[in-house]
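Okay, entry_36.cif now, which holds mmCIF, C-alpha atoms:
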```
data_protein
#
loop_
_atom_site.label_atom_id
_atom_site.label_comp_id
_atom_site.auth_asym_id
_atom_site.auth_seq_id
_atom_site.Cartn_x
_atom_site.Cartn_y
_atom_site.Cartn_z
CA MET N 1 92.97 109.48 54.47
CA ASN N 2 94.92 111.21 57.23
CA LEU N 3 97.31 109.03 59.24
CA THR N 4 99.21 109.76 62.39
CA ARG N 5 102.95 109.12 62.38
CA ARG N 6 102.40 106.01 64.53
CA GLN N 7 99.74 104.65 62.15
CA PHE N 8 101.98 105.28 59.13
CA GLY N 9 104.86 103.48 60.82
CA ALA N 10 102.67 100.49 61.61
CA LEU N 11 101.74 100.19 57.93
CA ALA N 12 105.18 100.95 56.47
CA LEU N 13 107.46 98.81 58.64
CA PRO N 14 106.16 95.40 57.49
CA ALA N 15 106.53 96.48 53.85
CA LEU N 16 110.06 97.72 54.44
CA ALA N 17 110.98 94.49 56.23
CA ALA N 18 109.63 92.41 53.36
CA SER N 19 111.56 94.41 50.78
CA ALA N 20 114.77 94.08 52.81
CA ALA N 21 114.46 90.31 53.27
CA PRO N 22 117.05 88.45 51.17
CA ALA N 23 115.73 86.42 48.27
CA LYS N 24 115.75 82.68 48.88
CA PRO N 25 118.18 80.65 46.76
CA ASN N 26 116.92 78.60 43.84
CA SER N 27 119.27 76.09 42.22
CA ASN N 28 116.54 74.29 40.30
CA PHE N 29 117.15 74.78 36.59
CA GLY N 30 114.61 73.60 34.05
CA GLY N 31 113.22 71.13 36.59
CA VAL N 32 116.68 69.75 37.47
CA GLN N 33 117.59 70.28 41.11
CA ILE N 34 121.26 71.09 41.60
CA GLY N 35 122.61 70.49 45.08
CA VAL N 36 125.89 70.29 46.98
CA ILE N 37 127.36 68.08 49.69
CA THR N 38 128.69 69.81 52.79
CA TYR N 39 132.05 68.12 52.11
CA SER N 40 132.50 70.80 49.45
CA PHE N 41 132.88 73.32 52.29
CA ARG N 42 135.19 71.10 54.39
CA SER N 43 138.00 73.67 54.69
CA LEU N 44 135.59 76.26 56.14
CA PRO N 45 134.04 76.58 59.63
CA VAL N 46 131.19 74.08 60.00
CA GLU N 47 128.88 76.50 61.82
CA ASN N 48 128.67 78.74 58.71
CA THR N 49 127.52 76.02 56.30
CA LEU N 50 124.12 77.59 55.67
CA LYS N 51 125.79 80.89 54.76
CA TYR N 52 127.96 79.10 52.19
CA CYS N 53 124.82 77.63 50.60
CA LEU N 54 123.13 81.03 50.44
CA ASP N 55 126.27 82.73 49.10
CA SER N 56 126.44 80.04 46.39
CA GLY N 57 122.75 80.24 45.52
CA VAL N 58 122.28 76.57 46.45
CA SER N 59 118.81 75.46 47.54
CA ALA N 60 119.46 71.75 48.19
CA ILE N 61 122.13 70.10 50.30
CA GLU N 62 123.45 66.66 51.21
CA MET N 63 124.30 67.19 54.87
CA MET N 64 127.14 65.22 56.39
CA SER N 65 126.94 64.16 60.02
CA ASN N 66 129.64 66.56 61.27
CA VAL N 67 127.49 69.58 60.32
CA ALA N 68 124.28 68.28 61.89
CA GLU N 69 125.93 66.81 64.97
CA THR N 70 128.04 69.89 65.67
CA PHE N 71 124.83 71.92 65.72
CA ALA N 72 123.18 69.34 67.99
CA GLY N 73 126.05 69.40 70.50
CA ALA N 74 127.66 66.02 69.91
CA PRO N 75 131.08 65.41 71.50
CA LEU N 76 133.80 66.16 68.97
CA PRO N 77 135.70 63.15 67.60
CA VAL N 78 139.44 62.76 68.05
CA MET N 79 141.00 63.40 64.64
CA ARG N 80 143.39 60.90 63.11
CA PRO N 81 146.97 62.22 62.99
CA MET N 82 147.83 63.30 59.45
CA GLY N 83 151.56 63.74 59.91
CA PRO N 84 154.43 63.49 62.42
CA PRO N 85 155.35 66.20 64.91
CA PRO N 86 157.59 68.92 63.48
CA GLY N 87 161.11 67.66 62.86
CA GLN N 88 160.19 63.98 63.21
CA ARG N 89 160.15 61.63 60.21
CA PRO N 90 157.69 58.73 60.36
CA ALA N 91 159.15 55.23 60.51
CA GLY N 92 159.63 53.77 57.06
CA ALA N 93 159.27 57.12 55.34
CA PRO N 94 160.88 57.49 51.88
CA PRO N 95 164.04 59.58 51.65
CA ALA N 96 163.63 63.32 51.95
CA GLY N 97 162.47 64.78 48.65
CA GLY N 98 161.40 61.37 47.35
CA PRO N 99 157.87 60.40 46.36
CA GLY N 100 155.55 59.07 49.04
CA ARG N 101 152.65 56.69 48.81
CA PRO N 102 149.24 57.64 50.31
CA GLY N 103 148.49 55.12 53.03
CA GLY N 104 151.90 53.51 52.55
CA PRO N 105 154.81 53.19 54.96
CA GLY N 106 155.32 56.95 55.04
CA ARG N 107 151.94 57.46 56.73
CA PHE N 108 152.25 58.68 60.30
CA GLN N 109 151.44 55.94 62.82
CA ALA N 110 149.25 56.83 65.79
CA THR N 111 150.68 56.25 69.25
CA PRO N 112 148.97 53.80 71.65
CA GLU N 113 147.73 56.83 73.61
CA GLN N 114 146.17 58.33 70.47
CA ILE N 115 144.53 55.03 69.58
CA GLU N 116 143.09 54.75 73.09
CA ALA N 117 141.85 58.36 72.96
CA ARG N 118 140.06 57.64 69.68
CA LYS N 119 138.40 54.55 71.18
CA LYS N 120 137.16 56.56 74.15
CA ALA N 121 135.91 59.34 71.89
CA ALA N 122 134.08 56.84 69.68
CA ALA N 123 132.41 55.26 72.71
CA ALA N 124 131.37 58.71 73.99
CA LEU N 125 129.91 59.60 70.59
CA THR N 126 127.94 56.34 70.42
CA ALA N 127 126.59 56.95 73.92
CA TRP N 128 125.55 60.48 72.92
CA ARG N 129 123.90 59.33 69.71
CA THR N 130 121.88 56.57 71.33
CA SER N 131 120.44 58.98 73.90
CA ALA N 132 120.18 62.20 71.87
CA SER N 133 116.94 64.13 71.56
CA MET N 134 115.76 65.04 68.07
CA ASP N 135 114.86 68.59 69.18
CA LYS N 136 118.06 70.21 67.89
CA PHE N 137 117.73 68.42 64.55
CA LYS N 138 114.16 69.71 64.27
CA GLU N 139 115.49 73.20 64.89
CA LEU N 140 118.20 72.73 62.28
CA ARG N 141 115.65 71.62 59.69
CA ARG N 142 113.49 74.67 60.44
CA ILE N 143 116.45 77.06 60.08
CA TYR N 144 117.42 75.61 56.69
CA ASN N 145 113.82 75.45 55.47
CA ASP N 146 113.20 79.06 56.49
CA ALA N 147 116.28 80.07 54.49
CA GLY N 148 115.02 78.16 51.44
CA VAL N 149 117.53 75.29 51.59
CA LYS N 150 116.25 71.71 51.47
CA ILE N 151 118.25 69.02 53.30
CA TYR N 152 117.59 66.27 50.78
CA CYS N 153 119.85 63.59 52.26
CA PHE N 154 121.93 62.83 55.32
CA LYS N 155 125.35 61.17 55.28
CA LEU N 156 126.41 59.18 58.32
CA PRO N 157 127.89 55.84 57.20
CA PRO N 158 126.62 52.85 59.21
CA THR N 159 129.27 50.29 60.16
CA LEU N 160 129.22 46.66 61.26
CA GLU N 161 130.51 47.70 64.69
CA MET N 162 127.57 50.03 65.39
CA PRO N 163 124.78 48.68 67.60
CA ASP N 164 121.22 48.67 66.23
CA ALA N 165 120.46 51.67 68.47
CA GLU N 166 123.00 53.72 66.53
CA TYR N 167 121.42 52.63 63.23
CA GLU N 168 118.08 53.81 64.64
CA TYR N 169 119.69 57.16 65.45
CA ILE N 170 120.98 57.57 61.88
CA TRP N 171 117.56 56.94 60.38
CA ASN N 172 115.83 59.09 63.02
CA VAL N 173 118.09 62.05 62.26
CA ALA N 174 117.58 61.67 58.50
CA GLU N 175 113.80 61.65 58.90
CA THR N 176 113.88 64.57 61.33
CA LEU N 177 115.96 66.65 58.92
CA GLY N 178 113.45 65.93 56.17
CA ALA N 179 115.93 63.92 54.10
CA ASP N 180 114.69 61.66 51.32
CA HIS N 181 117.52 59.17 51.86
CA ILE N 182 120.77 58.38 53.67
CA THR N 183 124.14 58.09 51.93
CA MET N 184 127.39 56.24 52.55
CA GLU N 185 130.34 54.97 50.52
CA LEU N 186 129.56 51.78 48.59
CA PRO N 187 130.30 48.90 51.00
CA THR N 188 132.89 46.35 49.92
CA ASN N 189 131.74 44.02 52.69
CA ASP N 190 128.69 41.94 51.74
CA GLU N 191 127.63 41.55 55.38
CA LEU N 192 127.53 45.33 55.85
CA LEU N 193 125.70 45.80 52.56
CA ALA N 194 123.04 43.28 53.60
CA ARG N 195 122.64 44.86 57.03
CA VAL N 196 122.16 48.43 55.82
CA ALA N 197 119.81 47.29 53.04
CA ALA N 198 117.66 45.36 55.53
CA PHE N 199 117.59 48.33 57.90
CA ALA N 200 116.64 50.73 55.13
CA ALA N 201 113.80 48.41 54.07
CA LYS N 202 112.56 48.16 57.65
CA ARG N 203 112.55 51.91 58.16
CA LYS N 204 111.23 52.60 54.62
CA LEU N 205 113.89 55.26 54.05
CA ALA N 206 116.36 54.40 51.31
CA ILE N 207 120.13 54.33 51.56
CA ALA N 208 122.17 55.35 48.52
CA PHE N 209 125.84 54.79 47.79
CA HIS N 210 128.68 57.04 46.71
CA THR N 211 130.99 55.24 44.29
#
```
For the structure just supplied, provide its representation as structure tokens.
Amino acid sequence: MNLTRRQFGALALPALAASAAPAKPNSNFGGVQIGVITYSFRSLPVENTLKYCLDSGVSAIEMMSNVAETFAGAPLPVMRPMGPPPGQRPAGAPPAGGPGRPGGPGRFQATPEQIEARKKAAAALTAWRTSASMDKFKELRRIYNDAGVKIYCFKLPPTLEMPDAEYEYIWNVAETLGADHITMELPTNDELLARVAAFAAKRKLAIAFHT
């Protein structure tokens, strides 16, 4: 069969593209699915999380809210201060060179302005969540699925302070991402435990606890 150069190119290009496509990751071994939580990549830029999964050969991920919400365009939270300004020792700090206690008196105390900024940021985030479209989360799920990475659960811890509309948002995002369940730290407050359990039962999407 004689082919023109154009006809040959039309036949060859799809084959070349297929051979050049990277293999999808597979971290299922002997029927046991191995996954990773995005917290494992916490020191790295959030927007490259999928690349870290692919580089690691991971095909299943527990996605924390900061990854999904950054992609969706949520307002960034105000971070808690982790230490005093350079040259300033926090009130009650142990002597220089002495041992400190995590969360103890040596912990840097936020200023009233920082506390107010965090409150405003939290209110803005709640307002965004309770009005957010699921379109960007659908897109995120498609991108991960196309790359061969399953988002098997979503971590955004519900709190007692959250309105029901924010609970609805958490469950909506989890379902949109294709997650099988939601995760949070194990509540020590019985009222919170009862509320999240009731909400999970109502939405028929389980919540699981880190311990």
The PyMOL selection byres ((chain N and resi 65) around 9) resolved against shown file, as an MDAnalysis selection string: chainID N and resid 63:64 66:70 154:157
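Residues within 12 Å of Asn189 in chain N, counting only C-alpha atoms and excluding same-chain residues fewer than 6 positions away, are Thr159, Leu160, Arg195 and Val196 of chain N.
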Gap from CA of Trp171 in chain N to CA of Ala124 in chain N - Å, one decimal: 19.5 Å
Residues near range 49-59 of chain N, cut-off 7 Å, only C-alpha atoms, skip fewer than 2 positions along chain, as a ChimeraX atom specification: /N:25-27,35,46-47,61,148-150
Output for the residues just chosen: C-alpha atoms as an mmCIF file, keeping the file's coordinate frame:
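Output (part_23.cif):
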```cif
data_model
loop_
_atom_site.group_PDB
_atom_site.id
_atom_site.type_symbol
_atom_site.label_atom_id
_atom_site.label_comp_id
_atom_site.auth_asym_id
_atom_site.auth_seq_id
_atom_site.Cartn_x
_atom_site.Cartn_y
_atom_site.Cartn_z
ATOM 1 C CA PRO N 25 118.180 80.650 46.760
ATOM 2 C CA ASN N 26 116.920 78.600 43.840
ATOM 3 C CA SER N 27 119.270 76.090 42.220
ATOM 4 C CA GLY N 35 122.610 70.490 45.080
ATOM 5 C CA VAL N 46 131.190 74.080 60.000
ATOM 6 C CA GLU N 47 128.880 76.500 61.820
ATOM 7 C CA ILE N 61 122.130 70.100 50.300
ATOM 8 C CA GLY N 148 115.020 78.160 51.440
ATOM 9 C CA VAL N 149 117.530 75.290 51.590
ATOM 10 C CA LYS N 150 116.250 71.710 51.470
#
```
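Here CA of Ile143 in chain N and CA of Gly178 in chain N stand 12.2 Å from one another.
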Picked residues, the PyMOL selection byres ((chain N and resi 163) around 12), as a list of chain:residue names: N:Ala123, N:Thr126, N:Ala127, N:Arg129, N:Thr130, N:Pro158, N:Thr159, N:Leu160, N:Glu161, N:Met162, N:Asp164, N:Ala165, N:Glu166, N:Tyr167, N:Glu168, N:Tyr169, N:Ile170, N:Arg195
Residue selection dump (C-alpha atoms) as a PDB file, in the frame of the given file:
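New file result_5.pdb:
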```
ATOM      1  CA  ALA N 123     132.410  55.260  72.710  1.00  0.00           C
ATOM      2  CA  THR N 126     127.940  56.340  70.420  1.00  0.00           C
ATOM      3  CA  ALA N 127     126.590  56.950  73.920  1.00  0.00           C
ATOM      4  CA  ARG N 129     123.900  59.330  69.710  1.00  0.00           C
ATOM      5  CA  THR N 130     121.880  56.570  71.330  1.00  0.00           C
ATOM      6  CA  PRO N 158     126.620  52.850  59.210  1.00  0.00           C
ATOM      7  CA  THR N 159     129.270  50.290  60.160  1.00  0.00           C
ATOM      8  CA  LEU N 160     129.220  46.660  61.260  1.00  0.00           C
ATOM      9  CA  GLU N 161     130.510  47.700  64.690  1.00  0.00           C
ATOM     10  CA  MET N 162     127.570  50.030  65.390  1.00  0.00           C
ATOM     11  CA  ASP N 164     121.220  48.670  66.230  1.00  0.00           C
ATOM     12  CA  ALA N 165     120.460  51.670  68.470  1.00  0.00           C
ATOM     13  CA  GLU N 166     123.000  53.720  66.530  1.00  0.00           C
ATOM     14  CA  TYR N 167     121.420  52.630  63.230  1.00  0.00           C
ATOM     15  CA  GLU N 168     118.080  53.810  64.640  1.00  0.00           C
ATOM     16  CA  TYR N 169     119.690  57.160  65.450  1.00  0.00           C
ATOM     17  CA  ILE N 170     120.980  57.570  61.880  1.00  0.00           C
ATOM     18  CA  ARG N 195     122.640  44.860  57.030  1.00  0.00           C
TER      19      ARG N 195
END
```
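CA of Lys202 in chain N is positioned 18.3 Å from CA of Asp190 in chain N.
The neighbours of Lys138 in chain N here are the residues that come within 12 Å of it, using all atoms listed in the file and leaving out any residue fewer than 4 positions away in the same chain; they are N:Ala68, N:Phe71, N:Ala72, N:Ser133, N:Met134, N:Arg142, N:Ile143, N:Tyr144, N:Asn145, N:Ile151, N:Asn172, N:Val173, N:Ala174, N:Glu175, N:Thr176, N:Leu177, N:Gly178, N:Ala179.
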Explicit residue set for the PyMOL selection byres ((chain N and resi 183-187) around 6), as number ranges by chain: N: 155, 157, 182, 188-189, 193, 207-211
